[in-house]
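Visitor: The structure follows.
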Amino acid sequence: MTLRVQKYGGTSVADIGHIKNVAYRVQKAFDQGDKIIVVLSAMSGVTDHLISLAEQASDSPDKRELDLLLATGEQTTAALLSMILKSRGYKAKSFLGFQAGILTDKISGKARIRDIDCKNLKQAVETGSIAVVAGFQGADEDGSITTLGRGGSDTSAVAIASSLKADVCEIFTDVDGVYTTDPRICSSARKIDRISYEEMLEMAILGAKVLQIRSVEFAKKYSVPVHVRSSFNEEEGTMVVNETKDMESVIVSGITCDMNEARITLKRVPDQPGVSAKLFTSLARAEIGVDMIIQNTRSDNATDLTFTVTQDDFELAREISQKVAKEMDAGEILTAREIAKVSVIGLGMKSHSGVAATMFQALADENINIRLISTSEIRISCVILAKYAELAVRTLHSAFNLDQKK
Ligand code: ADP
Ligand code: ASP
Ligand code: MG
């Protein structure tokens, strides 16, 4: 018998009508004889609305209580779907994250799953129920409710699928699968039939929000077969799987754009050992993840140090940088929030040269200035001004021959 974990995102459960449609899909799979665990997001817009309520309640909402509040979005949809299924004569049972056995660390708002014990879910499906789980949440060892970061229901689903060794984890969303770039930015984007975990991980890290980063990390680590597909039709979507030989023949498989970063530059930092360690240790202590780091060497024993952080972490990162800059007698701090990071990704880059040159030339042809560059074995990223982001994506998409044949 097949065990399927099906995750439905916010637009797929946007209102009662949509949840009723989700129920039909779940019933269909169940009627085929499959065991089904459903993981749900909150209705689209609800998490944002809850955040705005919290901001009205307090200038800096307590993080523990904020998690408790945000988790209610998913609690609502899980309860509603279970009610609908029961009213149609199906056995269903809803679970909050902790009832589904999801134990996390204590980092409110972006908790990581530490352990998962799905015995309750297993028992439910083995006794003929459809298990319906509130995504995006767990509890820490003290029993406090935690949330897994925006888009976290993907991770709930993949974690449950890996724990129960499900045959497939289906991520139902509002597009037909993973595309060569965001189809909402580039109308000639193509659906990819199969993509490796490694490329999908890069795409998620670099801004393709179709899957949350941690869900892909989980899937890769435990080889969970993930099928990204639409909840609005029956089409096959994209399979995220282990790399196969033929995948390397594709030099560039996708383009991403991330508008969620901001740049901080410390001018005239003393050019001596320990300086970077001091700054980045202070940032790490504040749980701030740093993405790109560039250091220029200057002749007068001082350097400029530039790095990027997410927009959420920007204010705190700026405060910390200011403090550290003062302590080490560095110069002024420059910042830019209106930036975008565009990236090209592909396994084939491992064995092909010239990708960077093509990328830089394509951007130059459009007069787009590159502010920062970073590379890995399978991707190249450039930071540009945010106002050029969409143009850059479309330009790179054609430059690497990814456009759909018309
Ligand atoms: P859900 O609410 O179902 O979790 P999300 O909004 O989180 O859905 O993710 C789906 C969205 O991801 C799509 O609507 C699309 O705009 C965006 N997206 C960005 N990059 C890609 C890509 N390469 N392929 C598909 N979708 C993408
Ligand atoms: N509801 C949460 C969010 O909007 C989690 C999710 O949808 O996956 O980010
Ligand atoms: Mg999502």
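In the structure tokens, the first chain shown is A, the next is B, and so on; residue numbers restart at 1 for each chain, and ligands run from 1 in the order shown.
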Please give me, as a PyMOL selection string, the residues lying within 8 Å of ligand 1 when counting only C-alpha atoms and all ligand atoms.

Guide: chain A and resi 8-12+41+44+151+153-154+171-185+191+203+207-212+254-257

Visitor: DSSP on the backbone: which residues in range 266-298 of chain A end up as helix (DSSP H, G or I)? Give the answer as a ChimeraX atom specification.

Guide: /A:275-285

Visitor: What would the file look like if the residues just selected were written as a PDB file, in the first residue's frame with N, CA, C and O atoms?

Guide:
ATOM      1  N   VAL A 275      39.745  40.984  12.695  1.00  0.00           N
ATOM      2  CA  VAL A 275      38.720  41.994  12.468  1.00  0.00           C
ATOM      3  C   VAL A 275      37.413  41.353  11.956  1.00  0.00           C
ATOM      4  O   VAL A 275      36.327  41.575  12.513  1.00  0.00           O
ATOM      5  N   SER A 276      37.545  40.515  10.932  1.00  0.00           N
ATOM      6  CA  SER A 276      36.347  39.845  10.407  1.00  0.00           C
ATOM      7  C   SER A 276      35.763  38.929  11.472  1.00  0.00           C
ATOM      8  O   SER A 276      34.535  38.854  11.638  1.00  0.00           O
ATOM      9  N   ALA A 277      36.653  38.253  12.200  1.00  0.00           N
ATOM     10  CA  ALA A 277      36.170  37.323  13.232  1.00  0.00           C
ATOM     11  C   ALA A 277      35.296  38.071  14.233  1.00  0.00           C
ATOM     12  O   ALA A 277      34.229  37.600  14.623  1.00  0.00           O
ATOM     13  N   LYS A 278      35.740  39.255  14.614  1.00  0.00           N
ATOM     14  CA  LYS A 278      34.991  40.032  15.615  1.00  0.00           C
ATOM     15  C   LYS A 278      33.590  40.397  15.103  1.00  0.00           C
ATOM     16  O   LYS A 278      32.583  40.178  15.783  1.00  0.00           O
ATOM     17  N   LEU A 279      33.555  40.910  13.889  1.00  0.00           N
ATOM     18  CA  LEU A 279      32.260  41.335  13.335  1.00  0.00           C
ATOM     19  C   LEU A 279      31.318  40.143  13.160  1.00  0.00           C
ATOM     20  O   LEU A 279      30.169  40.156  13.619  1.00  0.00           O
ATOM     21  N   PHE A 280      31.832  39.090  12.496  1.00  0.00           N
ATOM     22  CA  PHE A 280      30.926  37.997  12.152  1.00  0.00           C
ATOM     23  C   PHE A 280      30.567  37.142  13.365  1.00  0.00           C
ATOM     24  O   PHE A 280      29.499  36.514  13.388  1.00  0.00           O
ATOM     25  N   THR A 281      31.416  37.153  14.392  1.00  0.00           N
ATOM     26  CA  THR A 281      31.037  36.462  15.633  1.00  0.00           C
ATOM     27  C   THR A 281      29.894  37.214  16.300  1.00  0.00           C
ATOM     28  O   THR A 281      28.920  36.614  16.771  1.00  0.00           O
ATOM     29  N   SER A 282      29.985  38.534  16.316  1.00  0.00           N
ATOM     30  CA  SER A 282      28.900  39.309  16.937  1.00  0.00           C
ATOM     31  C   SER A 282      27.586  39.087  16.189  1.00  0.00           C
ATOM     32  O   SER A 282      26.519  38.971  16.804  1.00  0.00           O
ATOM     33  N   LEU A 283      27.654  39.028  14.865  1.00  0.00           N
ATOM     34  CA  LEU A 283      26.431  38.807  14.083  1.00  0.00           C
ATOM     35  C   LEU A 283      25.879  37.403  14.342  1.00  0.00           C
ATOM     36  O   LEU A 283      24.675  37.210  14.529  1.00  0.00           O
ATOM     37  N   ALA A 284      26.787  36.426  14.396  1.00  0.00           N
ATOM     38  CA  ALA A 284      26.342  35.040  14.612  1.00  0.00           C
ATOM     39  C   ALA A 284      25.692  34.887  15.978  1.00  0.00           C
ATOM     40  O   ALA A 284      24.689  34.187  16.127  1.00  0.00           O
ATOM     41  N   ARG A 285      26.249  35.581  16.976  1.00  0.00           N
ATOM     42  CA  ARG A 285      25.664  35.495  18.329  1.00  0.00           C
ATOM     43  C   ARG A 285      24.234  36.002  18.346  1.00  0.00           C
ATOM     44  O   ARG A 285      23.415  35.574  19.133  1.00  0.00           O
TER      45      ARG A 285
END

Visitor: Which residues are near ligand 2 - at most 12 Å, using only C-alpha atoms and all ligand atoms? Format: as JSON, numbers by chain.

Guide: {"A": [7, 8, 9, 10, 11, 12, 13, 14, 39, 40, 41, 42, 43, 44, 45, 46, 47, 48, 49, 50, 51, 67, 69, 70, 71, 72, 73, 74, 75, 76, 77, 78, 109, 110, 134, 135, 136, 137, 147, 148, 149, 150, 151, 152, 153, 154, 155, 156, 157, 158, 171, 172, 173, 209, 210, 211, 212, 213, 214, 215]}

Visitor: Got a sec: who's within 10 Å of range 32-38 of chain A, counting only C-alpha atoms, leaving out chain neighbours fewer than 6 positions off, as number ranges by chain?

Guide: A: 1-8, 22-23, 26, 78, 81-82, 92-94, 121-122, 124-135, 157, 160-161, 166, 169-170
